[in-house]
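*Asks:* One file is attached below, structure_4.txt, containing compact mmCIF, C-alpha atoms.
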```
# COMPACT_ATOMS: atom_id res chain seq x y z
CA MET A 1 -16.96 2.70 9.04
CA TRP A 2 -14.89 5.52 10.47
CA ARG A 3 -13.06 5.21 13.77
CA VAL A 4 -11.50 8.00 15.76
CA GLY A 5 -7.83 7.61 16.60
CA ALA A 6 -5.76 9.74 18.95
CA VAL A 7 -2.22 10.79 18.13
CA LEU A 8 0.16 9.11 20.62
CA ALA A 9 3.50 10.20 19.21
CA LEU A 10 5.16 12.03 16.34
CA HIS A 11 8.56 11.26 14.89
CA ASP A 12 10.35 13.04 12.06
CA GLU A 13 11.94 10.46 9.75
CA THR A 14 13.49 12.92 7.28
CA ALA A 15 13.19 16.65 6.54
CA THR A 16 9.86 16.00 4.82
CA ALA A 17 8.48 12.78 6.28
CA ARG A 18 6.86 12.24 9.65
CA THR A 19 5.63 9.12 11.39
CA ILE A 20 2.36 9.48 13.28
CA THR A 21 1.56 6.85 15.90
CA LEU A 22 -2.14 6.56 16.65
CA THR A 23 -4.13 4.59 19.12
CA VAL A 24 -7.47 3.54 17.68
CA PRO A 25 -10.01 1.99 20.06
CA GLY A 26 -11.59 -1.10 18.50
CA TRP A 27 -8.93 -1.39 15.78
CA PRO A 28 -9.34 -4.89 14.26
CA ASP A 29 -5.55 -5.16 13.84
CA HIS A 30 -4.02 -5.16 10.39
CA LEU A 31 -1.81 -7.16 8.06
CA ALA A 32 1.52 -5.90 6.78
CA GLY A 33 0.92 -4.08 3.50
CA GLN A 34 -2.55 -2.79 4.25
CA HIS A 35 -3.48 0.89 4.25
CA VAL A 36 -5.89 3.22 5.99
CA ASP A 37 -7.98 6.07 4.74
CA VAL A 38 -7.59 9.23 6.82
CA ARG A 39 -10.39 11.81 6.81
CA LEU A 40 -9.85 15.40 7.83
CA THR A 41 -12.86 17.64 8.26
CA ALA A 42 -12.62 21.42 8.41
CA ALA A 43 -14.81 23.62 10.60
CA ASP A 44 -17.00 24.46 7.59
CA GLY A 45 -17.69 20.78 6.98
CA TYR A 46 -15.37 20.37 4.01
CA SER A 47 -13.62 17.02 4.25
CA ALA A 48 -10.74 15.36 2.45
CA VAL A 49 -9.85 11.67 2.45
CA ARG A 50 -6.39 10.33 1.71
CA SER A 51 -4.91 6.84 1.80
CA TYR A 52 -1.76 6.05 3.75
CA SER A 53 0.05 2.77 4.05
CA ILE A 54 0.45 1.38 7.54
CA ALA A 55 4.09 1.31 8.64
CA SER A 56 3.77 -0.71 11.84
CA ALA A 57 3.62 -4.47 12.25
CA PRO A 58 0.40 -6.05 13.48
CA ASN A 59 0.44 -5.61 17.26
CA HIS A 60 -2.94 -6.40 18.87
CA GLU A 61 -2.62 -3.15 20.81
CA ASN A 62 -4.91 -0.88 18.77
CA ARG A 63 -1.79 0.92 17.60
CA VAL A 64 -1.30 2.14 14.04
CA GLU A 65 1.65 4.02 12.60
CA ILE A 66 1.61 5.85 9.29
CA THR A 67 4.53 7.68 7.71
CA VAL A 68 3.49 10.69 5.68
CA GLU A 69 5.66 12.43 3.11
CA ARG A 70 4.90 16.12 2.70
CA LEU A 71 3.87 16.98 -0.84
CA PRO A 72 4.55 20.58 -1.91
CA ASN A 73 0.99 21.27 -3.06
CA GLY A 74 -0.73 18.64 -0.96
CA GLU A 75 -4.02 19.37 0.70
CA VAL A 76 -3.66 16.93 3.58
CA SER A 77 0.02 16.01 3.91
CA PRO A 78 1.20 19.50 5.02
CA TYR A 79 -1.28 19.33 7.91
CA LEU A 80 -0.24 15.81 8.89
CA THR A 81 3.48 16.55 8.70
CA GLN A 82 3.56 20.03 10.22
CA GLN A 83 0.49 20.83 12.28
CA VAL A 84 -0.91 17.72 13.85
CA ALA A 85 -0.05 17.44 17.57
CA VAL A 86 0.02 14.71 20.19
CA SER A 87 -3.51 13.90 21.47
CA ASP A 88 -5.14 15.36 18.34
CA ARG A 89 -7.84 13.14 16.88
CA LEU A 90 -8.03 11.82 13.34
CA GLU A 91 -10.71 9.78 11.61
CA LEU A 92 -9.55 6.48 10.14
CA ARG A 93 -11.16 3.85 7.92
CA GLY A 94 -9.58 0.45 7.62
CA PRO A 95 -7.46 -1.59 7.60
CA ILE A 96 -7.96 -1.89 3.84
CA GLY A 97 -6.71 -4.41 1.29
CA SER A 98 -6.12 -8.15 1.15
CA TRP A 99 -3.96 -8.45 -1.98
CA PHE A 100 -0.88 -6.33 -1.31
CA VAL A 101 -0.21 -8.03 2.02
CA TRP A 102 2.41 -10.29 3.52
CA ARG A 103 1.20 -12.82 6.07
CA VAL A 104 3.46 -14.36 8.71
CA GLN A 105 2.39 -17.83 7.48
CA GLN A 106 4.27 -17.23 4.21
CA THR A 107 7.61 -19.04 4.12
CA GLU A 108 8.80 -18.46 0.53
CA PRO A 109 11.53 -15.92 -0.30
CA VAL A 110 10.28 -12.36 -0.54
CA GLN A 111 11.62 -9.65 -2.79
CA LEU A 112 10.69 -6.11 -1.81
CA VAL A 113 11.24 -3.24 -4.23
CA ALA A 114 10.53 0.25 -2.93
CA GLY A 115 10.60 3.64 -4.64
CA GLY A 116 10.73 6.64 -2.30
CA SER A 117 8.03 6.49 0.36
CA GLY A 118 6.81 3.27 -1.26
CA ILE A 119 8.99 1.77 1.44
CA VAL A 120 6.23 2.28 4.04
CA PRO A 121 4.07 -0.84 3.47
CA LEU A 122 7.22 -2.87 2.79
CA MET A 123 8.64 -1.71 6.12
CA ALA A 124 5.49 -3.07 7.76
CA MET A 125 6.33 -6.43 6.14
CA VAL A 126 9.93 -6.32 7.39
CA ARG A 127 8.72 -5.40 10.88
CA SER A 128 6.02 -8.05 10.79
CA ARG A 129 8.61 -10.66 9.80
CA ALA A 130 10.84 -9.62 12.72
CA SER A 131 8.10 -9.47 15.32
CA ALA A 132 6.81 -12.92 14.30
CA SER A 133 10.38 -14.36 14.25
CA SER A 134 9.68 -15.55 10.72
CA ALA A 135 12.55 -17.24 8.85
CA ALA A 136 11.28 -16.22 5.40
CA PRO A 137 14.29 -14.88 3.45
CA PHE A 138 13.74 -11.20 2.61
CA ARG A 139 15.58 -8.96 0.20
CA LEU A 140 14.86 -5.27 -0.14
CA LEU A 141 15.89 -3.05 -3.02
CA TYR A 142 15.19 0.53 -2.00
CA SER A 143 15.42 3.38 -4.51
CA VAL A 144 15.63 6.91 -3.13
CA ARG A 145 16.56 10.32 -4.48
CA GLU A 146 19.52 10.84 -2.17
CA PRO A 147 20.88 9.37 1.06
CA ALA A 148 19.06 11.83 3.32
CA ALA A 149 15.71 10.88 1.80
CA ALA A 150 15.85 7.26 2.96
CA LEU A 151 13.26 6.33 5.57
CA TYR A 152 13.96 3.91 8.44
CA ARG A 153 17.65 3.60 7.48
CA ASP A 154 19.00 2.78 10.96
CA GLU A 155 16.27 0.30 11.78
CA LEU A 156 16.70 -1.48 8.44
CA GLN A 157 20.45 -1.60 8.94
CA ALA A 158 20.04 -3.06 12.43
CA LEU A 159 17.59 -5.72 11.22
CA ALA A 160 19.84 -6.71 8.30
CA SER A 161 22.98 -6.89 10.40
CA ARG A 162 21.54 -9.22 13.01
CA ASP A 163 19.71 -11.51 10.59
CA ALA A 164 21.51 -13.05 7.60
CA SER A 165 18.13 -13.77 6.00
CA VAL A 166 17.42 -10.07 5.52
CA SER A 167 19.45 -8.20 2.96
CA LEU A 168 19.32 -4.63 1.90
CA SER A 169 20.38 -2.78 -1.28
CA TYR A 170 20.02 0.90 -2.05
CA ALA A 171 19.75 2.66 -5.37
CA TYR A 172 20.11 6.44 -5.60
CA THR A 173 18.48 8.40 -8.39
CA ARG A 174 19.92 11.93 -7.90
CA ALA A 175 22.84 11.90 -5.45
CA THR A 176 24.86 9.05 -3.96
CA PRO A 177 26.88 8.72 -0.76
CA PRO A 178 30.62 9.43 -1.17
CA GLY A 179 32.47 6.57 -2.82
CA TRP A 180 29.30 4.89 -4.12
CA THR A 181 30.23 2.98 -7.26
CA ARG A 182 26.93 3.07 -9.14
CA PRO A 183 26.19 6.47 -10.67
CA PRO A 184 22.82 8.04 -9.80
CA GLY A 185 20.03 6.56 -11.87
CA ARG A 186 16.81 4.62 -11.96
CA ILE A 187 16.65 0.95 -11.16
CA ASP A 188 17.78 -0.98 -14.24
CA ALA A 189 18.17 -4.57 -15.42
CA ALA A 190 21.74 -4.90 -14.10
CA LEU A 191 20.70 -3.79 -10.63
CA ILE A 192 17.73 -6.13 -10.58
CA ALA A 193 19.94 -9.02 -11.71
CA GLY A 194 22.66 -8.18 -9.19
CA THR A 195 20.64 -7.51 -6.04
CA THR A 196 17.32 -9.39 -6.17
CA TRP A 197 16.28 -13.02 -5.80
CA PRO A 198 16.51 -15.01 -9.02
CA ALA A 199 13.14 -15.99 -10.44
CA SER A 200 14.11 -19.67 -10.10
CA LEU A 201 13.67 -19.41 -6.31
CA GLY A 202 10.04 -18.47 -6.82
CA PRO A 203 9.94 -15.41 -4.60
CA THR A 204 6.85 -13.34 -4.06
CA CYS A 205 7.70 -9.80 -5.18
CA TYR A 206 6.13 -6.70 -3.67
CA VAL A 207 6.71 -3.44 -5.53
CA CYS A 208 5.51 -0.10 -4.18
CA GLY A 209 6.18 3.45 -5.28
CA PRO A 210 5.02 6.12 -7.69
CA THR A 211 3.21 4.75 -10.74
CA SER A 212 6.14 5.22 -13.16
CA PHE A 213 8.52 3.54 -10.70
CA VAL A 214 6.21 0.57 -10.27
CA GLU A 215 5.71 0.16 -14.03
CA ASN A 216 9.48 0.19 -14.58
CA ALA A 217 10.37 -2.15 -11.71
CA ALA A 218 7.59 -4.63 -12.47
CA SER A 219 8.57 -4.88 -16.13
CA LEU A 220 12.24 -5.39 -15.19
CA LEU A 221 11.24 -8.19 -12.82
CA THR A 222 9.10 -9.77 -15.52
CA ALA A 223 12.00 -9.53 -17.98
CA CYS A 224 14.17 -11.39 -15.44
CA GLY A 225 11.73 -14.29 -15.56
CA HIS A 226 9.45 -13.54 -12.59
CA ARG A 227 5.90 -14.63 -13.31
CA PRO A 228 3.51 -11.69 -13.42
CA ASP A 229 1.24 -13.40 -10.90
CA ARG A 230 4.14 -13.48 -8.40
CA ILE A 231 4.58 -9.72 -8.60
CA ARG A 232 2.25 -7.67 -6.42
CA THR A 233 2.23 -3.95 -6.94
CA GLU A 234 0.90 -0.87 -5.22
CA ARG A 235 1.05 2.55 -6.83
CA PHE A 236 0.63 5.95 -5.30
CA GLY A 237 0.43 9.40 -6.72
CA PRO A 238 -0.36 12.97 -5.80
CA THR A 239 -4.10 12.35 -6.11
CA GLY A 240 -4.32 9.75 -3.41
CA GLU A 241 -1.36 11.08 -1.47
CA ARG A 242 -0.72 7.46 -0.60
CA LYS A 243 2.55 7.34 1.28
CA MET B 81 -3.72 9.30 -21.33
CA ASN B 82 -0.63 10.06 -19.24
CA SER B 83 0.66 6.85 -17.72
CA ASP B 84 1.31 8.60 -14.42
CA ASP B 85 -2.25 9.76 -13.89
CA TYR B 86 -3.55 6.56 -12.40
CA LEU B 87 -3.30 4.59 -9.20
CA ASP B 88 -4.37 0.99 -8.79
CA GLY B 89 -7.23 -1.02 -7.39
CA ASN B 90 -5.79 -0.81 -3.88
CA SER B 91 -6.62 2.89 -3.77
CA ALA B 92 -10.29 2.28 -4.57
CA ALA B 93 -10.75 -0.32 -1.85
CA GLY B 94 -11.69 2.14 0.89
CA GLU B 95 -14.54 3.66 -1.11
CA LEU B 96 -15.74 0.28 -2.40
CA GLY B 97 -15.59 -1.01 1.17
CA ARG B 98 -18.59 1.21 1.87
CA ILE B 99 -20.58 -1.03 -0.50
CA PHE B 100 -19.00 -4.49 -0.43
CA THR B 101 -18.63 -6.40 2.81
CA ILE B 102 -15.64 -8.32 1.37
CA ASP B 103 -12.42 -6.59 0.36
CA VAL B 104 -12.27 -6.22 -3.42
CA THR B 105 -8.51 -6.00 -3.96
CA ALA B 106 -7.90 -9.77 -4.03
CA ALA B 107 -11.06 -10.47 -6.05
CA GLU B 108 -10.57 -11.60 -9.63
CA GLY B 109 -12.45 -9.68 -12.31
CA GLN B 110 -12.89 -10.26 -16.00
CA CYS B 111 -12.87 -7.38 -18.47
CA ALA B 112 -16.02 -7.41 -20.61
CA SER B 113 -14.09 -5.96 -23.52
CA CYS B 114 -10.85 -7.97 -23.86
CA GLY B 115 -11.58 -10.89 -21.57
CA ALA B 116 -8.45 -10.43 -19.44
CA THR B 117 -8.80 -11.74 -15.90
CA ARG B 118 -6.85 -9.90 -13.22
CA ARG B 119 -6.97 -9.20 -9.54
CA PHE B 120 -8.91 -6.03 -8.82
CA ALA B 121 -5.76 -4.60 -7.16
CA GLU B 122 -4.06 -4.61 -10.56
CA ALA B 123 -6.66 -2.48 -12.33
CA ARG B 124 -5.95 1.18 -13.08
CA VAL B 125 -7.82 3.70 -10.98
CA TYR B 126 -8.40 7.29 -12.03
CA MET B 127 -9.56 9.62 -9.27
CA GLN B 128 -9.18 13.05 -10.87
CA GLY B 129 -12.80 13.36 -11.95
CA PRO B 130 -15.95 13.80 -9.88
CA GLY B 131 -16.10 10.05 -9.46
CA LEU B 132 -13.80 7.11 -9.50
CA VAL B 133 -13.07 5.24 -12.72
CA VAL B 134 -11.47 1.80 -12.82
CA ARG B 135 -9.96 0.64 -16.09
CA CYS B 136 -8.61 -2.69 -17.31
CA ALA B 137 -4.80 -2.84 -16.99
CA ALA B 138 -4.62 -4.76 -20.27
CA CYS B 139 -6.87 -2.75 -22.60
CA GLU B 140 -7.96 0.39 -20.65
CA HIS B 141 -11.65 -0.45 -21.07
CA VAL B 142 -13.76 1.05 -18.26
CA LEU B 143 -14.52 -1.71 -15.75
CA LEU B 144 -16.29 0.25 -13.03
CA ARG B 145 -17.49 3.75 -12.26
CA LEU B 146 -18.44 5.03 -8.84
CA VAL B 147 -19.96 8.45 -8.23
CA ASN B 148 -20.89 9.91 -4.89
CA ALA B 149 -23.85 12.26 -5.33
CA PRO B 150 -25.39 14.19 -2.43
CA HIS B 151 -28.03 11.57 -1.65
CA HIS B 152 -26.97 8.58 -3.74
CA VAL B 153 -24.03 6.45 -4.69
CA TRP B 154 -23.95 5.38 -8.34
CA LEU B 155 -22.13 2.17 -9.16
CA ASP B 156 -21.72 1.06 -12.78
CA MET B 157 -20.01 -2.32 -13.20
CA ARG B 158 -21.07 -3.24 -16.72
CA GLY B 159 -17.45 -3.25 -17.87
CA MET B 160 -16.83 -6.44 -15.95
CA THR B 161 -18.20 -9.85 -16.88
CA TYR B 162 -17.77 -10.99 -13.30
CA LEU B 163 -16.00 -10.29 -10.04
CA ARG B 164 -15.02 -13.44 -8.15
CA PHE B 165 -14.43 -13.22 -4.43
CA ASP B 166 -12.99 -15.83 -2.13
CA ALA B 167 -15.84 -17.18 -0.06
CA PRO B 168 -15.80 -15.32 3.25
CA GLU B 169 -15.34 -17.25 6.44
CA VAL B 170 -18.92 -17.15 7.57
CA GLU B 171 -19.57 -17.64 11.23
CA VAL B 172 -22.60 -19.85 11.66
CA PRO B 173 -24.20 -19.27 15.04
CA ALA B 174 -25.34 -22.36 16.88
CA THR B 175 -29.09 -22.86 16.79
CA GLY B 176 -30.99 -20.87 19.34
CA THR B 177 -28.11 -18.63 20.37
CA GLU B 178 -27.99 -14.96 19.78
CA THR B 179 -24.66 -13.49 18.78
CA ALA B 180 -24.08 -9.85 19.32
CA ARG B 181 -21.13 -8.25 17.61
CA THR B 182 -20.28 -4.65 17.78
CA GLU B 183 -17.28 -4.69 15.50
CA HIS B 184 -16.70 -6.20 12.08
```
Give the structure from the file, written as structure tokens.

*Replies:*
Amino acid sequence: MWRVGAVLALHDETATARTITLTVPGWPDHLAGQHVDVRLTAADGYSAVRSYSIASAPNHENRVEITVERLPNGEVSPYLTQQVAVSDRLELRGPIGSWFVWRVQQTEPVQLVAGGSGIVPLMAMVRSRASASSAAPFRLLYSVREPAAALYRDELQALASRDASVSLSYAYTRATPPGWTRPPGRIDAALIAGTTWPASLGPTCYVCGPTSFVENAASLLTACGHRPDRIRTERFGPTGERK
Amino acid sequence: MNSDDYLDGNSAAGELGRIFTIDVTAAEGQCASCGATRRFAEARVYMQGPGLVVRCAACEHVLLRLVNAPHHVWLDMRGMTYLRFDAPEVEVPATGTETARTEH
């Protein structure tokens, strides 16, 4: 069932990523980690559907935020990141998914591992935790190309600095900030061992990013002793434009 | 098959939500070929073709195919022995009362 949402606000997160805040009458609220399908229909009737993770915490206010990364040859993301305007209308289907979700009733430690814009559904979990005043201990390992590509940096920093139960680690794959000790590179076993919850604490792990990132991170977590059924993954790629 | 060409069961949930009233991502399915049981969210989804193909994450056997034709939707699930859903929370209306719901 498709609902029509109106664009309330636009916010540029980075040079290529934009957050779109929508108000969707009748929205049945969502859980952190869920996604929506967005349908765009051209004047000639041609339509394209893409999936986007929800960035906002559940709010009971019919409000949904998505953060969209512009893909160079994307069919939908250039429109959403460059042309859409406040009060424009978009068709949405959702919220979708009941597996890759974090519920405020969960109290166990949570390990989040994000690659690039795979941070979006994990940010919804961090926001959901904060808005529910949950005490669940959260750790986030966030891998990005370069410092300027990181989404939500200030908000994450603010949340981590006022709550000792939220900790934040970055990994840079192409360029690091000045003075950063770890050379640019993919997440590896040493980084997982040094920055994430040990498997003995029984955390639930949520891993989101491009398919190759997710495969790599999930196998590193498994090698560190995390049980496969404690690792929940969500992959995106150019086809689905899931961001 | 290039390992980067697939998504996962989460990405198929919107389309399958047109057919199933319960979300499929948390459902457990068994592969008819290798017998692996996994959550549907963990399956591999290929969307490059005219339809949607879901493969077993363990053995790559085709679990499900979905094709949208102009007047029909084709759903082939013979690659799965079963799909087990959590029982939905069914609202049982009290006898003699009519419940009207506009949203689900």

*Asks:* Could you list, as a list in words, every residue of chain A that has an atom within 8 Å of an atom of chain B, counting only C-alpha atoms?

*Replies:* Met1, Gly26, Pro28, Val36, Asp37, Ser51, Arg93, Gly94, Ile96, Gly97, Ser98, Trp99, Phe100, Thr211, Ser212, Thr233, Glu234, Arg235, Phe236, Gly237, Thr239 and Gly240 of chain A

*Asks:* Export C-alpha atoms of the chosen residues as a PDB file, in the frame of the given file?

*Replies:*
```
ATOM      1  CA  MET A   1     -16.960   2.700   9.040  1.00  0.00           C
ATOM      2  CA  GLY A  26     -11.590  -1.100  18.500  1.00  0.00           C
ATOM      3  CA  PRO A  28      -9.340  -4.890  14.260  1.00  0.00           C
ATOM      4  CA  VAL A  36      -5.890   3.220   5.990  1.00  0.00           C
ATOM      5  CA  ASP A  37      -7.980   6.070   4.740  1.00  0.00           C
ATOM      6  CA  SER A  51      -4.910   6.840   1.800  1.00  0.00           C
ATOM      7  CA  ARG A  93     -11.160   3.850   7.920  1.00  0.00           C
ATOM      8  CA  GLY A  94      -9.580   0.450   7.620  1.00  0.00           C
ATOM      9  CA  ILE A  96      -7.960  -1.890   3.840  1.00  0.00           C
ATOM     10  CA  GLY A  97      -6.710  -4.410   1.290  1.00  0.00           C
ATOM     11  CA  SER A  98      -6.120  -8.150   1.150  1.00  0.00           C
ATOM     12  CA  TRP A  99      -3.960  -8.450  -1.980  1.00  0.00           C
ATOM     13  CA  PHE A 100      -0.880  -6.330  -1.310  1.00  0.00           C
ATOM     14  CA  THR A 211       3.210   4.750 -10.740  1.00  0.00           C
ATOM     15  CA  SER A 212       6.140   5.220 -13.160  1.00  0.00           C
ATOM     16  CA  THR A 233       2.230  -3.950  -6.940  1.00  0.00           C
ATOM     17  CA  GLU A 234       0.900  -0.870  -5.220  1.00  0.00           C
ATOM     18  CA  ARG A 235       1.050   2.550  -6.830  1.00  0.00           C
ATOM     19  CA  PHE A 236       0.630   5.950  -5.300  1.00  0.00           C
ATOM     20  CA  GLY A 237       0.430   9.400  -6.720  1.00  0.00           C
ATOM     21  CA  THR A 239      -4.100  12.350  -6.110  1.00  0.00           C
ATOM     22  CA  GLY A 240      -4.320   9.750  -3.410  1.00  0.00           C
TER      23      GLY A 240
END
```

*Asks:* Give the answer as one residue: which of B:Ala167, B:Thr117, B:Gly109, B:Leu132 has the shortest atom-to-atom distance to B:Val153, using all atoms listed in the file?

*Replies:*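 Answer, going by the shortest atom-to-atom distance: B:Leu132.
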
*Asks:* Under the rule that only C-alpha atoms are counted, which of A:Pro78, A:Ala15, A:Leu168, A:Leu141 is the nearest residue to A:Glu155?

*Replies:*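 Under the stated criterion, the closest residue is A:Leu168.
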
*Asks:* Which one of A:Leu220, A:Val113, A:Ala189, A:Val84 sits closest to A:Tyr170 if you count all atoms listed in the file?

*Replies:*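 Distance minimum relative to A:Tyr170 lands on A:Val113.
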
*Asks:* Please indicate the distance in Å from atom CA of B:Leu146 to atom CA of B:Phe100, rounded to one decimal place.

*Replies:*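 These atoms are spaced 12.7 Å apart.
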
*Asks:* Go through A:Ser165, A:Ser200, A:Ser143, A:Ser134 and flag the residue nearest A:Val214, using all atoms listed in the file for the distances.

*Replies:*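 Of all the options, A:Ser143 lies closest to A:Val214.
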
*Asks:* Go through B:Gly131, B:Asp156, B:Pro168, B:Pro150 and flag the residue nearest B:Thr101, using all atoms listed in the file for the distances.

*Replies:*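 Closest residue, counting all atoms listed in the file: B:Pro168.
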
*Asks:* By how many Å are atom CA of A:Arg3 and atom CA of A:Leu92 apart?

*Replies:*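 Straight-line distance from atom CA of A:Arg3 to atom CA of A:Leu92 works out to 5.2 Å.
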
*Asks:* Which residue out of A:Glu65, A:Asp12, A:Glu215, A:Asp163 has the minimum interatomic distance to A:Met123 when all atoms listed in the file are used?

*Replies:*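 The shortest atom-to-atom distance to A:Met123 comes from A:Glu65.
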
*Asks:* I need every residue sitting at most 10 Å from the point (-6.3, -0.6, -18.1) (coordinates as in the file, only C-alpha atoms considered), written as an mmCIF file with C-alpha atoms, in the frame of the given file.

*Replies:*
```
data_model
loop_
_atom_site.group_PDB
_atom_site.id
_atom_site.type_symbol
_atom_site.label_atom_id
_atom_site.label_comp_id
_atom_site.auth_asym_id
_atom_site.auth_seq_id
_atom_site.Cartn_x
_atom_site.Cartn_y
_atom_site.Cartn_z
ATOM 1 C CA TYR B 86 -3.550 6.560 -12.400
ATOM 2 C CA ASP B 88 -4.370 0.990 -8.790
ATOM 3 C CA CYS B 111 -12.870 -7.380 -18.470
ATOM 4 C CA GLU B 122 -4.060 -4.610 -10.560
ATOM 5 C CA ALA B 123 -6.660 -2.480 -12.330
ATOM 6 C CA ARG B 124 -5.950 1.180 -13.080
ATOM 7 C CA VAL B 125 -7.820 3.700 -10.980
ATOM 8 C CA VAL B 134 -11.470 1.800 -12.820
ATOM 9 C CA ARG B 135 -9.960 0.640 -16.090
ATOM 10 C CA CYS B 136 -8.610 -2.690 -17.310
ATOM 11 C CA ALA B 137 -4.800 -2.840 -16.990
ATOM 12 C CA ALA B 138 -4.620 -4.760 -20.270
ATOM 13 C CA CYS B 139 -6.870 -2.750 -22.600
ATOM 14 C CA GLU B 140 -7.960 0.390 -20.650
ATOM 15 C CA HIS B 141 -11.650 -0.450 -21.070
ATOM 16 C CA VAL B 142 -13.760 1.050 -18.260
ATOM 17 C CA LEU B 143 -14.520 -1.710 -15.750
#
```

*Asks:* Tell me, in Å to one decimal, how far atom CA of A:Thr67 is from atom CA of A:Asp154.

*Replies:* 15.6 Å

*Asks:* Please list, as a VMD selection string, the residues that have an atom at most 8 Å away from (14.3, 3.9, -14.6) in the coordinates of this file, counting all atoms listed in the file.

*Replies:* chain A and resid 185 to 188 213 216 to 217

*Asks:* Neighbours of A:Arg103 within 10 Å (all atoms listed in the file; same-chain residues fewer than 4 positions away dropped), as a PyMOL selection string?

*Replies:* chain A and resi 31-33+98+107+125+128-129+132
